[in-house]
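K.L.:
What follows is input-v1.txt; its format and atoms are compact mmCIF, C-alpha atoms and all ligand atoms.
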# COMPACT_ATOMS: atom_id res chain seq x y z
CA MET R 1 4.00 6.65 0.36
CA ASN R 2 1.40 9.27 1.25
CA LYS R 3 0.61 9.54 4.92
CA THR R 4 -3.02 9.09 5.90
CA ALA R 5 -2.82 8.69 9.68
CA VAL R 6 -1.19 10.43 12.63
CA ILE R 7 -0.50 8.67 15.95
CA PHE R 8 0.09 11.01 18.86
CA ASP R 9 1.91 10.29 22.09
CA LEU R 10 0.17 11.98 25.05
CA ASP R 11 2.54 13.22 27.74
CA GLY R 12 4.96 15.74 26.22
CA VAL R 13 3.07 16.03 22.93
CA ILE R 14 -0.57 16.82 23.69
CA VAL R 15 -0.24 17.81 27.36
CA ASP R 16 2.60 18.35 29.79
CA THR R 17 1.71 15.84 32.49
CA ALA R 18 5.42 15.20 33.24
CA LYS R 19 5.27 17.96 35.86
CA TYR R 20 2.49 16.13 37.73
CA HIS R 21 4.27 12.77 37.43
CA TYR R 22 7.30 14.55 38.90
CA LEU R 23 5.44 15.96 41.91
CA ALA R 24 3.90 12.57 42.66
CA TRP R 25 7.16 10.61 42.29
CA ARG R 26 9.04 13.21 44.36
CA LYS R 27 6.48 12.87 47.16
CA LEU R 28 7.07 9.11 47.17
CA ALA R 29 10.88 9.55 47.09
CA ASN R 30 10.73 11.93 50.05
CA LYS R 31 8.56 9.45 51.95
CA LEU R 32 11.20 6.79 51.28
CA GLY R 33 13.87 9.17 52.60
CA PHE R 34 15.63 10.57 49.52
CA ASP R 35 15.39 13.51 47.14
CA PHE R 36 14.37 13.34 43.49
CA THR R 37 15.33 16.16 41.13
CA GLU R 38 13.68 17.47 37.96
CA ALA R 39 16.75 16.41 35.99
CA GLN R 40 16.30 12.84 37.26
CA ASN R 41 12.63 13.02 36.25
CA GLU R 42 13.79 13.18 32.60
CA LEU R 43 14.64 9.46 32.93
CA LEU R 44 10.98 8.64 33.53
CA LYS R 45 9.56 10.31 30.42
CA GLY R 46 7.74 7.87 28.15
CA VAL R 47 8.59 5.00 30.50
CA SER R 48 5.87 2.77 32.03
CA ARG R 49 4.75 3.19 35.64
CA VAL R 50 6.43 0.02 36.89
CA LYS R 51 9.69 0.84 35.10
CA SER R 52 9.51 4.40 36.50
CA LEU R 53 9.32 3.00 40.05
CA GLU R 54 12.32 0.77 39.39
CA ILE R 55 14.36 3.76 38.16
CA LEU R 56 13.28 5.81 41.19
CA LEU R 57 14.23 3.06 43.65
CA ASP R 58 17.56 2.70 41.91
CA ILE R 59 18.23 6.42 42.37
CA GLY R 60 17.39 6.19 46.09
CA LYS R 61 19.15 2.85 46.46
CA VAL R 62 16.04 1.47 48.12
CA SER R 63 14.84 -2.09 47.72
CA LEU R 64 11.23 -3.12 48.28
CA SER R 65 9.16 -6.30 48.20
CA ASP R 66 6.72 -6.81 45.31
CA LYS R 67 3.83 -6.09 47.67
CA GLU R 68 5.38 -2.81 48.80
CA LYS R 69 6.05 -1.85 45.17
CA GLU R 70 2.35 -2.39 44.34
CA GLN R 71 1.29 -0.29 47.33
CA TYR R 72 3.66 2.59 46.51
CA MET R 73 2.67 2.60 42.82
CA PHE R 74 -0.96 2.79 43.93
CA GLU R 75 -0.19 5.71 46.26
CA LYS R 76 1.82 7.53 43.60
CA ASN R 77 -1.00 7.11 41.11
CA GLU R 78 -3.66 8.35 43.58
CA ASN R 79 -1.54 11.44 44.13
CA TYR R 80 -1.01 11.91 40.37
CA LEU R 81 -4.77 11.54 39.78
CA SER R 82 -5.46 14.34 42.24
CA TYR R 83 -3.51 16.65 39.89
CA ILE R 84 -4.81 15.46 36.55
CA SER R 85 -8.44 15.43 37.64
CA LYS R 86 -8.14 19.23 37.84
CA MET R 87 -6.80 19.62 34.28
CA ASP R 88 -8.72 21.49 31.59
CA GLN R 89 -8.28 22.57 27.94
CA SER R 90 -5.88 25.36 28.92
CA GLU R 91 -3.26 22.64 29.56
CA LEU R 92 -3.20 21.43 25.95
CA LEU R 93 0.25 22.19 24.49
CA PRO R 94 0.51 25.01 21.90
CA ASN R 95 -1.23 24.35 18.56
CA MET R 96 -2.40 20.84 19.48
CA LYS R 97 -6.13 21.61 19.53
CA SER R 98 -5.87 23.38 16.19
CA LEU R 99 -3.81 20.53 14.71
CA LEU R 100 -6.32 17.88 15.82
CA GLU R 101 -9.17 19.95 14.42
CA HIS R 102 -7.31 20.49 11.14
CA LEU R 103 -6.50 16.79 10.67
CA LYS R 104 -10.06 15.79 11.54
CA ASN R 105 -11.46 18.21 8.94
CA LYS R 106 -9.11 16.78 6.31
CA GLY R 107 -10.29 13.22 7.06
CA VAL R 108 -6.89 12.08 8.36
CA ALA R 109 -7.12 9.13 10.77
CA ILE R 110 -6.01 10.02 14.31
CA ALA R 111 -4.86 7.68 17.08
CA LEU R 112 -3.35 7.95 20.53
CA GLY R 113 -0.29 5.82 21.34
CA SER R 114 0.56 6.38 24.99
CA ALA R 115 2.21 4.39 27.78
CA SER R 116 -0.14 5.93 30.33
CA LYS R 117 -2.89 3.92 31.99
CA ASN R 118 -4.58 7.27 32.74
CA ALA R 119 -4.70 8.40 29.12
CA LYS R 120 -8.49 8.21 28.68
CA LEU R 121 -9.07 10.33 31.77
CA ILE R 122 -6.68 13.00 30.47
CA LEU R 123 -8.35 13.06 27.02
CA ASP R 124 -11.72 13.44 28.77
CA THR R 125 -10.71 16.20 31.19
CA THR R 126 -9.12 18.18 28.35
CA LYS R 127 -12.20 17.45 26.17
CA ILE R 128 -10.43 16.03 23.11
CA THR R 129 -11.55 12.37 23.17
CA SER R 130 -13.83 12.84 20.14
CA TYR R 131 -10.88 13.62 17.83
CA PHE R 132 -9.44 10.11 18.21
CA ASP R 133 -10.44 7.21 15.95
CA ALA R 134 -8.40 4.80 18.06
CA ILE R 135 -6.93 4.97 21.56
CA VAL R 136 -4.06 2.70 22.55
CA ASP R 137 -2.83 3.25 26.10
CA GLY R 138 -0.90 1.46 28.83
CA ASN R 139 -3.89 -0.79 29.56
CA LYS R 140 -3.88 -2.21 26.03
CA VAL R 141 -0.28 -3.23 25.46
CA ALA R 142 1.97 -5.78 27.09
CA ALA R 143 5.33 -4.40 25.97
CA ALA R 144 6.29 -0.81 26.79
CA LYS R 145 8.09 1.59 24.39
CA PRO R 146 10.72 1.20 22.86
CA ASP R 147 8.80 -1.90 21.80
CA PRO R 148 6.74 -0.91 18.72
CA GLU R 149 3.59 -2.75 19.92
CA VAL R 150 1.72 0.42 20.96
CA PHE R 151 2.06 2.03 17.50
CA LEU R 152 1.50 -1.19 15.53
CA LEU R 153 -1.74 -1.79 17.42
CA ALA R 154 -2.83 1.80 16.78
CA ALA R 155 -2.22 1.35 13.02
CA LYS R 156 -4.12 -1.92 13.05
CA LEU R 157 -7.12 -0.33 14.80
CA LEU R 158 -7.08 2.46 12.20
CA ASN R 159 -6.84 -0.11 9.40
CA LYS R 160 -3.61 1.44 8.12
CA ASN R 161 -0.27 0.08 7.03
CA PRO R 162 2.67 1.28 9.15
CA ASN R 163 4.12 3.18 6.18
CA GLU R 164 0.95 5.31 6.03
CA CYS R 165 1.40 6.47 9.64
CA ILE R 166 3.24 9.41 11.20
CA VAL R 167 4.11 9.19 14.92
CA VAL R 168 4.52 12.35 17.02
CA GLU R 169 6.63 11.63 20.14
CA ASP R 170 8.70 13.43 22.77
CA ALA R 171 10.62 10.48 24.23
CA GLN R 172 13.66 8.75 22.78
CA ALA R 173 12.08 5.36 23.54
CA GLY R 174 8.99 6.44 21.59
CA ILE R 175 11.01 7.48 18.54
CA GLN R 176 12.76 4.12 18.61
CA ALA R 177 9.37 2.38 18.85
CA ALA R 178 8.09 4.37 15.83
CA ASN R 179 11.21 3.61 13.81
CA ASP R 180 10.99 -0.09 14.66
CA ALA R 181 7.34 -0.02 13.61
CA LYS R 182 8.59 1.36 10.22
CA MET R 183 6.66 4.59 10.65
CA MET R 184 7.72 8.17 9.96
CA SER R 185 8.54 9.88 13.26
CA ILE R 186 8.32 13.49 14.39
CA GLY R 187 10.19 14.27 17.61
CA ILE R 188 9.18 17.09 19.94
CA GLY R 189 12.12 18.26 22.05
CA ASP R 190 15.89 18.22 21.93
CA LYS R 191 17.46 17.58 18.48
CA GLU R 192 20.38 15.66 19.98
CA ILE R 193 18.29 13.39 22.18
CA LEU R 194 15.75 12.73 19.40
CA LYS R 195 18.27 12.46 16.55
CA GLU R 196 16.80 9.16 15.32
CA ALA R 197 13.51 10.87 14.40
CA THR R 198 12.65 11.68 10.78
CA TYR R 199 12.00 15.32 11.80
CA VAL R 200 12.47 17.15 15.11
CA PHE R 201 10.80 20.33 16.41
CA GLU R 202 11.76 22.09 19.60
CA SER R 203 8.18 22.43 20.77
CA THR R 204 4.64 21.78 19.55
CA SER R 205 4.28 25.44 18.51
CA ALA R 206 6.83 24.75 15.75
CA LEU R 207 4.85 21.75 14.48
CA THR R 208 2.47 23.61 12.18
CA ASN R 209 -0.65 22.46 10.35
CA ASP R 210 1.12 23.45 7.08
CA PHE R 211 4.06 21.16 7.81
CA LEU R 212 1.80 18.15 8.33
CA ASP R 213 -0.18 19.08 5.21
CA LYS R 214 3.00 18.67 3.15
CA LEU R 215 3.48 15.12 4.48
CA ILE R 216 -0.14 14.19 4.00
CA LYS R 217 -0.82 16.05 0.70
P1 LIG R 301 0.77 6.23 34.06
P2 LIG R 301 3.27 8.95 27.31
C1 LIG R 301 3.92 8.18 29.80
O1 LIG R 301 3.05 8.83 28.92
C2 LIG R 301 4.72 9.21 30.59
O2 LIG R 301 5.58 9.94 29.74
C3 LIG R 301 5.56 8.49 31.63
O3 LIG R 301 6.29 9.42 32.39
C4 LIG R 301 4.63 7.66 32.54
O4 LIG R 301 5.39 6.95 33.50
C5 LIG R 301 3.83 6.70 31.66
O5 LIG R 301 3.10 7.42 30.69
C6 LIG R 301 2.87 5.86 32.48
O6 LIG R 301 1.88 6.71 33.01
O7 LIG R 301 1.42 6.11 35.41
O8 LIG R 301 -0.26 7.34 33.97
O9 LIG R 301 0.21 4.92 33.57
O10 LIG R 301 4.40 9.91 27.12
O11 LIG R 301 3.56 7.57 26.76
O12 LIG R 301 1.96 9.51 26.85
MG MG R 302 5.61 11.27 25.91
Translate the structure of the given file into structure tokens.

P.N.:
Amino acid sequence: MNKTAVIFDLDGVIVDTAKYHYLAWRKLANKLGFDFTEAQNELLKGVSRVKSLEILLDIGKVSLSDKEKEQYMFEKNENYLSYISKMDQSELLPNMKSLLEHLKNKGVAIALGSASKNAKLILDTTKITSYFDAIVDGNKVAAAKPDPEVFLLAAKLLNKNPNECIVVEDAQAGIQAANDAKMMSIGIGDKEILKEATYVFESTSALTNDFLDKLIK
């Protein structure tokens, strides 16, 4: 089946916001009295905010009431927002602007499929909102990746069948979600970690316009 739509994940595919998530979660960990390493931050990639907090608290062996959890998630997000509000186009990952432009010119449908509740702000500050025909973010879905809901909703909003869609994702949970949605998946990152993907590239610079052209025809 020819592909006619591409659904992009945000963090790790279009921008590298993981570093800002890391700084904000580390600040919270330190406040709660423990350290949080960059290696541990890998566990939070592609995972929802509430699940990220649970993983963090598990690492620090800290238990909190629901009210405290809400308060700390709010604080972490305020801190994260202070970083992302300063972002600009220079933070787009290699080749992404050109790829979006290329797909748009070809008439390929483009959607965002992200777990982030801050996705719209990031698309705005990096000035790429206009490329997207549909935006599905953490505010629109009930079930987080690896549940396929985020990508199935994106396909529905684009009026496409899942087998017409290609998902570009950096997280293992995202690749699983794409596979369960019966979509072709392109992983960005480690070949071993993303081995369930249809194709894997080490970084976005290796994902060329020509490669996507071959899938789209
Ligand atoms: P927020 P993606 C995900 O974005 C991040 O990878 C993950 O680390 C983060 O916890 C999640 O968004 C929620 O983000 O706190 O902004 O709602 O990779 O799905 O684009
Ligand atoms: Mg991601």

K.L.:
What's around region 172-183 of chain R at 7 Å? Count all atoms listed in the file, leave out sequence neighbours fewer than 2 positions away in its own chain, and write the answer as JSON, numbers by chain.

P.N.:
{"R": [46, 145, 146, 147, 148, 151, 152, 162, 163, 165, 166, 167, 169, 170, 185, 187, 193, 194, 196, 197]}

K.L.:
Select the residues contacting ligand MG 302 (chain R) at a distance of at most 7 Å, based on only C-alpha atoms and all ligand atoms, then format the selection as a ChimeraX atom specification.

P.N.:
/R:9-13,45-46,169-171

K.L.:
Neighbours of ligand LIG 301 (chain R) at 9 Å or closer, counting only C-alpha atoms and all ligand atoms: which residues, as JSON, numbers by chain?

P.N.:
{"R": [8, 9, 10, 11, 12, 13, 14, 15, 16, 17, 18, 21, 22, 41, 42, 43, 44, 45, 46, 47, 48, 49, 50, 51, 52, 53, 73, 76, 77, 80, 81, 112, 113, 114, 115, 116, 117, 118, 119, 137, 138, 139, 144, 145, 169, 170, 171, 174]}

K.L.:
Mind giving me the straight-line distance from CA of Pro94 (chain R) to CA of Tyr131 (chain R) in Å, one decimal?

P.N.:
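It comes out at 16.6 Å.
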
K.L.:
In Å, with one decimal, what is the gap from CA of Leu103 (chain R) to CA of Thr208 (chain R)?

P.N.:
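For CA of Leu103 (chain R) relative to CA of Thr208 (chain R), the distance reads 11.4 Å.
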
K.L.:
Rounded to one decimal, what separation in Å do you get between CA of Asp190 (chain R) and CA of Thr204 (chain R)?

P.N.:
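According to the coordinates, CA of Asp190 (chain R) and CA of Thr204 (chain R) are separated by 12.0 Å.
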
K.L.:
Could you check which of R:Lys3, R:Lys214, R:Lys120, R:Lys31 is closest to Ala155 (chain R), using all atoms listed in the file?

P.N.:
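Ranked by minimum distance to Ala155 (chain R), first place goes to R:Lys3.
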
K.L.:
Closest to Ala39 (chain R) among R:Lys127, R:Ile59, R:Lys27, R:Lys140, using all atoms listed in the file?

P.N.:
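Among the listed residues, the smallest separation from Ala39 (chain R) belongs to R:Ile59.
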
K.L.:
My list of candidates is R:Leu212, R:Leu64, R:Val136, R:Leu153. Which is closest to His102 (chain R) when distances are computed with all atoms listed in the file?

P.N.:
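Closest candidate: R:Leu212.
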
K.L.:
Would you mind telling me which residue in R:Ala143, R:Ala29, R:Leu158, R:Leu23 lies nearest to Ala109 (chain R) when using all atoms listed in the file?

P.N.:
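Ranking R:Ala143, R:Ala29, R:Leu158, R:Leu23 by distance to Ala109 (chain R), first place goes to R:Leu158.
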
K.L.:
Could you work out an axis-aligned bounding box for all listed atoms of region 123-131 of chain R, with 6 Å added on each of the six sides, and give its centre and edge lengths in Å to one decimal, as JSON?

P.N.:
{"center_x": -11.1, "center_y": 15.3, "center_z": 24.5, "size_x": 17.5, "size_y": 17.8, "size_z": 25.4}

K.L.:
Point out the residue among R:Asp88, R:Glu149, R:Glu38, R:Asp213 with the least atom-to-atom distance to Ile128 (chain R), counting only C-alpha atoms.

P.N.:
R:Asp88

K.L.:
Return the single residue from R:Glu202, R:Val6, R:Glu54, R:Asn30 that is closest to Asp66 (chain R), with distances computed using only C-alpha atoms.

P.N.:
R:Glu54
